[in-house]
$ cat start16.tsv   # TSV, C-alpha atoms (C1' of nucleotides)
chain	number	residue	atom	x	y	z
A	2	MET	CA	6.03	-2.17	2.40
A	3	MET	CA	6.87	-4.13	-0.60
A	4	VAL	CA	6.24	-7.71	0.46
A	5	SER	CA	2.80	-8.40	1.92
A	6	THR	CA	1.73	-11.12	4.30
A	7	LYS	CA	0.84	-13.27	1.33
A	8	GLY	CA	4.45	-13.51	0.25
A	9	ARG	CA	5.82	-13.72	3.74
A	10	TYR	CA	3.40	-16.43	4.83
A	11	ALA	CA	4.07	-18.33	1.63
A	12	LEU	CA	7.75	-18.41	2.47
A	13	ILE	CA	7.00	-19.54	6.01
A	14	VAL	CA	4.83	-22.35	4.68
A	15	MET	CA	7.52	-23.49	2.27
A	16	ILE	CA	10.12	-23.48	5.03
A	17	ASP	CA	7.79	-25.35	7.37
A	18	LEU	CA	7.11	-27.97	4.72
A	19	ALA	CA	10.77	-28.45	4.00
A	20	ALA	CA	11.42	-28.96	7.68
A	21	ASN	CA	8.44	-31.16	8.48
A	22	GLN	CA	7.50	-33.18	5.46
A	23	GLY	CA	8.64	-36.77	5.44
A	24	GLU	CA	7.20	-39.14	2.89
A	25	GLY	CA	3.62	-38.07	3.43
A	26	TYR	CA	1.63	-34.86	3.27
A	27	VAL	CA	1.47	-32.13	5.88
A	28	SER	CA	-1.94	-30.67	6.74
A	29	LEU	CA	-2.58	-26.95	6.88
A	30	SER	CA	-3.81	-27.19	10.44
A	31	ASP	CA	-0.45	-28.59	11.47
A	32	ILE	CA	1.38	-25.75	9.76
A	33	ALA	CA	-0.98	-23.11	11.11
A	34	GLY	CA	-0.58	-24.52	14.59
A	35	ARG	CA	3.19	-24.59	14.48
A	36	GLN	CA	3.50	-21.15	12.93
A	37	MET	CA	0.71	-19.58	14.98
A	38	LEU	CA	-1.14	-18.35	11.93
A	39	SER	CA	-4.80	-18.42	10.98
A	40	MET	CA	-5.46	-21.60	9.06
A	41	LYS	CA	-8.26	-19.95	7.13
A	42	TYR	CA	-5.97	-17.23	5.91
A	43	LEU	CA	-3.25	-19.71	5.06
A	44	GLU	CA	-5.74	-21.51	2.84
A	45	ASN	CA	-5.79	-18.49	0.55
A	46	VAL	CA	-2.05	-18.26	0.41
A	47	VAL	CA	-1.40	-21.94	-0.07
A	48	SER	CA	-3.99	-22.12	-2.80
A	49	ILE	CA	-1.83	-19.77	-4.87
A	50	LEU	CA	1.27	-21.86	-4.29
A	51	ASN	CA	-0.60	-25.00	-5.18
A	52	LYS	CA	-2.18	-23.66	-8.36
A	53	GLY	CA	1.20	-22.29	-9.34
A	54	GLY	CA	2.65	-25.76	-9.15
A	55	LEU	CA	5.04	-25.05	-6.30
A	56	LEU	CA	3.27	-27.53	-4.06
A	57	ALA	CA	1.62	-30.89	-4.48
A	58	SER	CA	-1.56	-31.60	-2.56
A	59	LEU	CA	-3.69	-34.52	-1.48
A	60	ARG	CA	-7.30	-34.03	-0.52
A	61	GLY	CA	-9.27	-35.95	2.05
A	62	LYS	CA	-8.26	-37.58	5.28
A	63	ASN	CA	-4.51	-37.63	5.94
A	64	GLY	CA	-4.22	-35.23	3.08
A	65	GLY	CA	-2.21	-32.07	2.98
A	66	TYR	CA	0.63	-30.50	1.08
A	67	ARG	CA	4.23	-31.19	0.22
A	68	LEU	CA	6.91	-29.48	-1.80
A	69	ALA	CA	6.77	-30.24	-5.51
A	70	LYS	CA	10.55	-30.24	-5.75
A	71	LYS	CA	13.65	-30.04	-3.63
A	72	PRO	CA	14.27	-26.89	-1.53
A	73	GLU	CA	17.40	-26.02	-3.50
A	74	GLU	CA	15.34	-25.97	-6.68
A	75	TYR	CA	13.12	-23.06	-5.63
A	76	THR	CA	14.38	-19.52	-5.96
A	77	ILE	CA	12.89	-16.97	-3.61
A	78	ASN	CA	12.05	-14.96	-6.69
A	79	GLU	CA	9.67	-17.57	-8.01
A	80	ILE	CA	7.93	-17.95	-4.67
A	81	LEU	CA	7.42	-14.23	-4.11
A	82	ASN	CA	6.59	-13.39	-7.68
A	83	LEU	CA	3.86	-15.98	-7.70
A	84	THR	CA	2.27	-15.01	-4.41
A	85	GLU	CA	2.66	-11.26	-4.72
A	86	GLY	CA	1.52	-11.24	-8.32
A	87	SER	CA	4.47	-9.08	-9.22
A	88	LEU	CA	7.39	-7.54	-7.43
A	89	ALA	CA	7.60	-4.63	-9.83
A	90	PRO	CA	8.41	-1.43	-7.94
A	91	VAL	CA	5.91	0.59	-9.96
A	92	GLU	CA	2.69	-0.13	-11.81
A	93	CYS	CA	3.95	0.71	-15.27
A	94	ILE	CA	6.36	-2.20	-15.57
A	95	LYS	CA	4.12	-4.79	-14.02
A	96	ASN	CA	3.67	-7.23	-16.85
A	97	GLY	CA	6.93	-6.93	-18.66
A	98	ASP	CA	5.09	-4.77	-21.12
A	99	LEU	CA	5.38	-1.08	-20.47
A	100	ASN	CA	1.70	-0.33	-20.20
A	101	CYS	CA	1.96	3.43	-19.97
A	102	ASP	CA	1.35	5.75	-22.88
A	103	LYS	CA	4.09	8.12	-21.75
A	104	ALA	CA	6.69	5.36	-21.62
A	105	ALA	CA	8.63	6.64	-24.59
A	106	SER	CA	9.27	10.03	-23.02
A	107	CYS	CA	9.37	8.97	-19.39
A	108	MET	CA	12.63	9.95	-17.73
A	109	THR	CA	12.12	7.73	-14.73
A	110	LEU	CA	11.20	4.54	-16.55
A	111	PRO	CA	14.78	3.27	-17.00
A	112	LEU	CA	15.29	3.78	-13.30
A	113	TRP	CA	12.35	1.55	-12.42
A	114	VAL	CA	13.44	-1.08	-14.92
A	115	GLY	CA	16.90	-1.08	-13.37
A	116	LEU	CA	15.50	-1.36	-9.88
A	117	ASP	CA	13.25	-4.18	-10.93
A	118	ARG	CA	16.23	-6.04	-12.28
A	119	ALA	CA	18.32	-5.49	-9.19
A	120	ILE	CA	15.53	-6.95	-7.09
A	121	GLU	CA	15.00	-9.88	-9.41
A	122	LYS	CA	18.69	-10.57	-9.59
A	123	TYR	CA	19.01	-10.70	-5.85
A	124	LEU	CA	15.93	-12.81	-5.21
A	125	SER	CA	16.87	-15.22	-7.96
A	126	SER	CA	20.25	-15.73	-6.39
A	127	VAL	CA	18.81	-17.13	-3.18
A	128	THR	CA	17.13	-20.53	-2.98
A	129	LEU	CA	14.69	-21.84	-0.44
A	130	ASP	CA	17.43	-24.11	0.80
A	131	ASP	CA	19.75	-21.14	1.31
A	132	VAL	CA	17.19	-19.54	3.56
A	133	ILE	CA	16.64	-22.72	5.53
A	134	CYS	CA	20.32	-23.36	6.03
A	135	GLY	CA	21.11	-19.75	6.82
A	136	ARG	CA	23.57	-19.90	3.96
A	137	ARG	CA	25.10	-16.62	2.97
A	138	LYS	CA	25.98	-16.69	-0.65
A	139	THR	CA	24.70	-13.87	-2.79
A	140	MET	CA	25.94	-11.22	-5.11
A	141	LEU	CA	26.31	-8.94	-2.12
A	142	GLY	CA	28.59	-11.32	-0.33
A	143	ASP	CA	27.27	-12.08	3.12
A	144	TRP	CA	23.63	-11.24	3.17
A	145	CYS	CA	23.48	-10.86	6.90
A	146	THR	CA	26.65	-9.64	8.50
A	147	GLU	CA	24.66	-8.91	11.63
A	148	CYS	CA	24.29	-12.63	12.18
A	149	LYS	CA	28.02	-12.98	12.67
A	150	GLU	CA	28.16	-10.74	15.70
B	8	MET	CA	3.68	-1.80	-5.54
B	9	MET	CA	6.70	-0.71	-3.70
B	10	VAL	CA	7.02	2.95	-4.67
B	11	SER	CA	3.90	5.04	-4.10
B	12	THR	CA	2.86	8.24	-5.82
B	13	LYS	CA	4.61	10.19	-3.10
B	14	GLY	CA	7.98	8.91	-4.16
B	15	ARG	CA	7.22	9.01	-7.86
B	16	TYR	CA	5.82	12.53	-7.75
B	17	ALA	CA	8.78	13.65	-5.65
B	18	LEU	CA	11.12	12.44	-8.36
B	19	ILE	CA	9.09	14.20	-11.01
B	20	VAL	CA	9.23	17.43	-9.05
B	21	MET	CA	12.98	17.17	-8.62
B	22	ILE	CA	13.45	16.53	-12.32
B	23	ASP	CA	11.14	19.39	-13.22
B	24	LEU	CA	13.03	21.73	-10.93
B	25	ALA	CA	16.37	20.72	-12.36
B	26	ALA	CA	15.07	21.42	-15.83
B	27	ASN	CA	13.23	24.64	-15.12
B	28	GLN	CA	14.90	26.48	-12.31
B	29	GLY	CA	17.12	29.34	-13.30
B	30	GLU	CA	18.29	31.71	-10.64
B	31	GLY	CA	14.91	32.18	-9.05
B	32	TYR	CA	12.30	29.96	-7.50
B	33	VAL	CA	9.73	27.83	-9.26
B	34	SER	CA	6.16	27.88	-7.97
B	35	LEU	CA	4.19	24.73	-7.35
B	36	SER	CA	1.42	25.83	-9.66
B	37	ASP	CA	3.94	25.99	-12.50
B	38	ILE	CA	5.16	22.49	-11.78
B	39	ALA	CA	1.66	21.11	-11.32
B	40	GLY	CA	0.62	22.69	-14.59
B	41	ARG	CA	3.54	21.30	-16.55
B	42	GLN	CA	3.30	17.85	-15.05
B	43	MET	CA	-0.50	17.69	-15.08
B	44	LEU	CA	-0.70	16.87	-11.40
B	45	SER	CA	-2.93	18.21	-8.64
B	46	MET	CA	-1.19	21.12	-7.03
B	47	LYS	CA	-2.85	20.41	-3.72
B	48	TYR	CA	-1.50	16.91	-3.65
B	49	LEU	CA	1.94	18.06	-4.69
B	50	GLU	CA	1.95	20.38	-1.70
B	51	ASN	CA	2.00	17.37	0.59
B	52	VAL	CA	4.81	15.72	-1.31
B	53	VAL	CA	6.94	18.81	-1.67
B	54	SER	CA	6.52	19.61	1.98
B	55	ILE	CA	8.37	16.39	2.80
B	56	LEU	CA	11.19	17.22	0.41
B	57	ASN	CA	11.44	20.70	1.84
B	58	LYS	CA	11.46	19.66	5.49
B	59	GLY	CA	14.01	17.03	4.64
B	60	GLY	CA	16.32	19.68	3.31
B	61	LEU	CA	16.33	18.48	-0.29
B	62	LEU	CA	14.71	21.71	-1.46
B	63	ALA	CA	14.96	25.36	-0.57
B	64	SER	CA	11.80	27.43	-0.53
B	65	LEU	CA	10.72	31.05	-0.59
B	66	ARG	CA	7.29	32.08	0.61
B	67	GLY	CA	5.16	34.89	-0.67
B	68	LYS	CA	4.82	36.42	-4.08
B	69	ASN	CA	7.31	35.15	-6.65
B	70	GLY	CA	8.14	32.47	-4.16
B	71	GLY	CA	8.51	28.79	-4.85
B	72	TYR	CA	11.07	26.05	-4.63
B	73	ARG	CA	14.49	25.24	-5.96
B	74	LEU	CA	16.96	22.40	-5.53
B	75	ALA	CA	19.12	22.71	-2.46
B	76	LYS	CA	22.11	21.25	-4.30
B	77	LYS	CA	23.23	20.16	-7.72
B	78	PRO	CA	21.40	17.28	-9.46
B	79	GLU	CA	24.47	15.08	-9.41
B	80	GLU	CA	24.62	15.41	-5.64
B	81	TYR	CA	21.28	13.71	-4.99
B	82	THR	CA	21.06	9.94	-5.01
B	83	ILE	CA	17.71	8.44	-5.89
B	84	ASN	CA	17.97	6.54	-2.65
B	85	GLU	CA	17.87	9.68	-0.54
B	86	ILE	CA	14.91	11.08	-2.44
B	87	LEU	CA	12.83	7.93	-2.22
B	88	ASN	CA	13.80	7.04	1.30
B	89	LEU	CA	12.73	10.44	2.51
B	90	THR	CA	9.41	10.55	0.72
B	91	GLU	CA	8.44	6.93	1.18
B	92	GLY	CA	9.45	6.93	4.83
B	93	SER	CA	11.39	3.75	4.21
B	94	LEU	CA	12.03	1.43	1.32
B	95	ALA	CA	12.38	-1.59	3.57
B	96	PRO	CA	10.74	-4.62	1.94
B	97	VAL	CA	9.17	-5.73	5.21
B	98	GLU	CA	8.03	-4.06	8.41
B	99	CYS	CA	10.52	-5.69	10.72
B	100	ILE	CA	13.60	-3.98	9.33
B	101	LYS	CA	12.06	-0.58	8.92
B	102	ASN	CA	14.19	1.51	11.21
B	103	GLY	CA	17.50	-0.25	10.98
B	104	ASP	CA	16.61	-1.79	14.32
B	105	LEU	CA	15.08	-5.21	14.08
B	106	ASN	CA	11.92	-4.45	15.96
B	107	CYS	CA	10.55	-7.96	16.05
B	108	ASP	CA	10.78	-10.20	19.08
B	109	LYS	CA	11.34	-13.29	16.97
B	110	ALA	CA	14.25	-11.73	15.09
B	111	ALA	CA	16.83	-13.99	16.68
B	112	SER	CA	15.18	-17.16	15.44
B	113	CYS	CA	13.69	-15.82	12.22
B	114	MET	CA	14.87	-17.76	9.20
B	115	THR	CA	13.71	-15.19	6.70
B	116	LEU	CA	15.20	-12.11	8.32
B	117	PRO	CA	18.62	-12.37	6.62
B	118	LEU	CA	16.82	-12.61	3.31
B	119	TRP	CA	14.98	-9.34	3.91
B	120	VAL	CA	18.13	-7.64	5.08
B	121	GLY	CA	19.90	-8.78	1.94
B	122	LEU	CA	17.09	-7.60	-0.26
B	123	ASP	CA	17.03	-4.27	1.49
B	124	ARG	CA	20.70	-3.84	0.81
B	125	ALA	CA	20.42	-4.80	-2.83
B	126	ILE	CA	17.75	-2.15	-3.27
B	127	GLU	CA	19.71	0.46	-1.38
B	128	LYS	CA	22.86	-0.33	-3.30
B	129	TYR	CA	21.14	0.10	-6.62
B	130	LEU	CA	19.28	3.27	-5.74
B	131	SER	CA	22.38	4.81	-4.22
B	132	SER	CA	24.28	4.18	-7.42
B	133	VAL	CA	22.00	6.41	-9.46
B	134	THR	CA	21.92	10.18	-9.08
B	135	LEU	CA	19.21	12.62	-10.03
B	136	ASP	CA	21.46	13.83	-12.80
B	137	ASP	CA	21.84	10.28	-14.16
B	138	VAL	CA	18.07	10.05	-14.48
B	139	ILE	CA	17.80	13.41	-16.17
B	140	CYS	CA	20.57	12.68	-18.64
B	141	GLY	CA	19.38	9.15	-19.29
B	142	ARG	CA	22.81	8.02	-18.25
B	143	ARG	CA	23.27	4.31	-17.85
B	144	LYS	CA	25.92	3.60	-15.29
B	145	THR	CA	25.07	1.24	-12.50
B	146	MET	CA	26.19	-1.96	-10.92
B	147	LEU	CA	24.00	-3.80	-13.37
B	148	GLY	CA	25.66	-2.26	-16.36
B	149	ASP	CA	23.10	-0.68	-18.61
B	150	TRP	CA	20.01	-0.03	-16.64
B	151	CYS	CA	17.77	0.15	-19.63
B	152	THR	CA	18.83	-2.00	-22.53
B	153	GLU	CA	15.37	-1.54	-24.00
B	154	CYS	CA	16.22	2.08	-24.67
B	155	LYS	CA	18.91	1.06	-27.11
B	156	GLU	CA	16.57	-0.75	-29.41
C	14	DT	C1'	-19.87	-44.14	6.97
C	15	DT	C1'	-17.46	-40.85	9.32
C	16	DA	C1'	-13.85	-37.73	10.21
C	17	DA	C1'	-10.40	-35.04	8.25
C	18	DT	C1'	-8.96	-32.70	4.87
C	19	DT	C1'	-8.50	-29.68	0.43
C	20	DC	C1'	-10.93	-26.61	-2.39
C	21	DC	C1'	-13.97	-22.87	-3.80
C	22	DT	C1'	-16.62	-18.57	-3.50
C	23	DA	C1'	-18.00	-14.85	-1.20
C	24	DC	C1'	-17.93	-11.57	2.33
C	25	DT	C1'	-16.28	-8.36	6.15
C	26	DT	C1'	-12.98	-5.57	8.39
C	27	DT	C1'	-9.07	-2.75	8.66
C	28	DT	C1'	-5.52	0.06	7.00
C	29	DA	C1'	-3.00	2.86	3.92
C	30	DA	C1'	-2.86	5.52	-0.22
C	31	DG	C1'	-4.48	9.15	-2.66
C	32	DA	C1'	-6.67	13.34	-2.87
C	33	DT	C1'	-9.08	17.57	-1.28
C	34	DA	C1'	-10.24	21.85	1.62
C	35	DG	C1'	-9.74	25.99	4.10
C	36	DG	C1'	-7.26	29.27	5.84
C	37	DA	C1'	-2.99	31.37	8.33
C	38	DA	C1'	1.56	33.30	7.42
C	39	DT	C1'	4.71	35.44	4.41
C	40	DT	C1'	6.61	38.18	0.72
C	41	DC	C1'	6.94	41.11	-3.31
C	42	DG	C1'	5.61	44.87	-6.19
C	43	DG	C1'	3.09	48.74	-6.84
D	12	DC	C1'	0.15	50.27	3.17
D	13	DC	C1'	-2.44	47.03	0.17
D	14	DG	C1'	-3.37	43.21	-2.64
D	15	DA	C1'	-2.02	39.26	-5.09
D	16	DA	C1'	0.63	35.22	-5.07
D	17	DT	C1'	2.61	32.05	-2.82
D	18	DT	C1'	4.23	28.61	0.95
D	19	DC	C1'	2.77	26.29	4.94
D	20	DC	C1'	-0.17	23.84	8.22
D	21	DT	C1'	-3.87	20.88	9.84
D	22	DA	C1'	-7.68	18.39	9.10
D	23	DT	C1'	-10.72	15.76	6.47
D	24	DC	C1'	-12.72	12.82	2.91
D	25	DT	C1'	-12.53	8.98	-0.53
D	26	DT	C1'	-11.01	4.91	-2.51
D	27	DA	C1'	-8.55	0.76	-3.09
D	28	DA	C1'	-5.98	-2.91	-1.34
D	29	DA	C1'	-4.57	-5.86	2.29
D	30	DA	C1'	-5.86	-8.87	5.81
D	31	DG	C1'	-8.80	-11.93	7.66
D	32	DT	C1'	-13.33	-14.69	8.16
D	33	DA	C1'	-17.23	-17.90	6.93
D	34	DG	C1'	-19.72	-21.65	5.08
D	35	DG	C1'	-20.03	-25.42	2.70
D	36	DA	C1'	-18.96	-28.73	-1.41
D	37	DA	C1'	-15.78	-32.35	-2.88
D	38	DT	C1'	-12.59	-35.84	-1.77
D	39	DT	C1'	-10.16	-39.47	0.59
D	40	DA	C1'	-8.43	-42.83	4.10
D	41	DA	C1'	-9.46	-45.83	7.65

$ encode --input "start16.tsv" --output "structure tokens"
Amino acid sequence: MMVSTKGRYALIVMIDLAANQGEGYVSLSDIAGRQMLSMKYLENVVSILNKGGLLASLRGKNGGYRLAKKPEEYTINEILNLTEGSLAPVECIKNGDLNCDKAASCMTLPLWVGLDRAIEKYLSSVTLDDVICGRRKTMLGDWCTECKE
Amino acid sequence: MMVSTKGRYALIVMIDLAANQGEGYVSLSDIAGRQMLSMKYLENVVSILNKGGLLASLRGKNGGYRLAKKPEEYTINEILNLTEGSLAPVECIKNGDLNCDKAASCMTLPLWVGLDRAIEKYLSSVTLDDVICGRRKTMLGDWCTECKE
DNA sequence: TTAATTCCTACTTTTAAGATAGGAATTCGG
DNA sequence: CCGAATTCCTATCTTAAAAGTAGGAATTAA
């Protein structure tokens, strides 16, 4: 499985915030309650989002989190890349640099680079707002033809 | 990391076979020796390829493995899907069926389905022969512009 | 001042990946 | 027929990563 709970929960939190934030901040216990997830575990996830600048936070009573920008300004790629660390399909292309000594002669490397790009291209083409609205614009055309049935 | 050693080693074995098989069969110890991999571990990987019909095998002395068809007739998708079990980015779309009770109301599901398709589309566009020849035809155009430099 | 919250560090548990081991079954060549 | 080389099968061990928990310090609003 390529996307762990960290990335999936992060997306859920972002969606929940978009739906439930008004002018103020939304507390983690509210989100955890609504989404039926462990608040303690969400703390870990949200901390990554917050440090990465995707969220704004307020400590203390009535504190909580809110989106740092508008839903249409987040790509899914930036959310998942941040929380997962990297979405690279294999170790050797993790940091952009090809950190493998056999890279020059590796027959499979171009394949992994191509796959990495295909993934990035797709995830960069979808915004948080697209997901929330169930919008279906991507390079593949409809991204969920099942939903039409 | 999305592709485990199983899938990566499987690819390496397929490439090695394409390069080294003549009329006869190639033994695992030969492949393991050339590729500097544990033969015992390769046994597990190759067993999947063999059961899946991607390889033909001959037991006993002078036995070994060979490709069941021509390199250009394998897509990378079929090799990786078989050895990895599934390349689905998340659990809930693993078997084509959406085996999650919240599927109907899940906002992120279409995203995962779309991602799954983007991956499948890319990996189906590349054949084993493409990888061996370093050929660069895919939906993304060149799949390794780095290689040109 | 108190209650609610984020924030930080560390730990535990669980699961999957990666790797190894031993031996049965098969096949070829002498 | 025999022995060496091999696939094939099942079971096990090891290691690393994911998933989840715990406790308490720092902060803030009412």

$ interface_residues --input "start16.tsv" --of "chain A" --to "chain C" --cutoff "12 Å" --atoms "only C-alpha atoms (C1' of nucleotides)" --output "ChimeraX atom specification"
/A:2,26-31,41,44-45,47-49,51-52,57-66

$ residues_around --input "start16.tsv" --residues "range 86-103 of chain B" --least-positions-apart "4" --cutoff "7 Å" --atoms "all atoms listed in the file" --output "list in words"
Met2, Met3 and Val4 of chain A; Lys13, Gly14, Ile55, Leu56, Thr82, Cys107, Trp119 and Asp123 of chain B

$ axis_aligned_box --input "start16.tsv" --around "range 29-37 of chain D" --padding-each-side "6 Å" --output "AutoDock Vina command-line options"
--center_x -12.3 --center_y -19.1 --center_z 2.6 --size_x 27.5 --size_y 38.5 --size_z 23.0

$ atom_distance --input "start16.tsv" --atom1 "CA of Ile120 in chain A" --atom2 "CA of Leu122 in chain B"
7.0 Å

$ closest_residue --input "start16.tsv" --among "B:Asp108, B:Glu80, B:Asp137, B:Glu30" --to "chain A" --atoms "only C-alpha atoms"
B:Asp137

$ atom_distance --input "start16.tsv" --atom1 "CA of Ile13 in chain A" --atom2 "CA of Gly53 in chain A"
16.6 Å

$ residues_near_point --input "start16.tsv" --point "(-8.2, -11.7, 1.8)" --cutoff "8 Å" --atoms "only C-alpha atoms (C1' of nucleotides)" --output "list in words"
Tyr42 and Asn45 of chain A; DA29, DA30 and DG31 of chain D
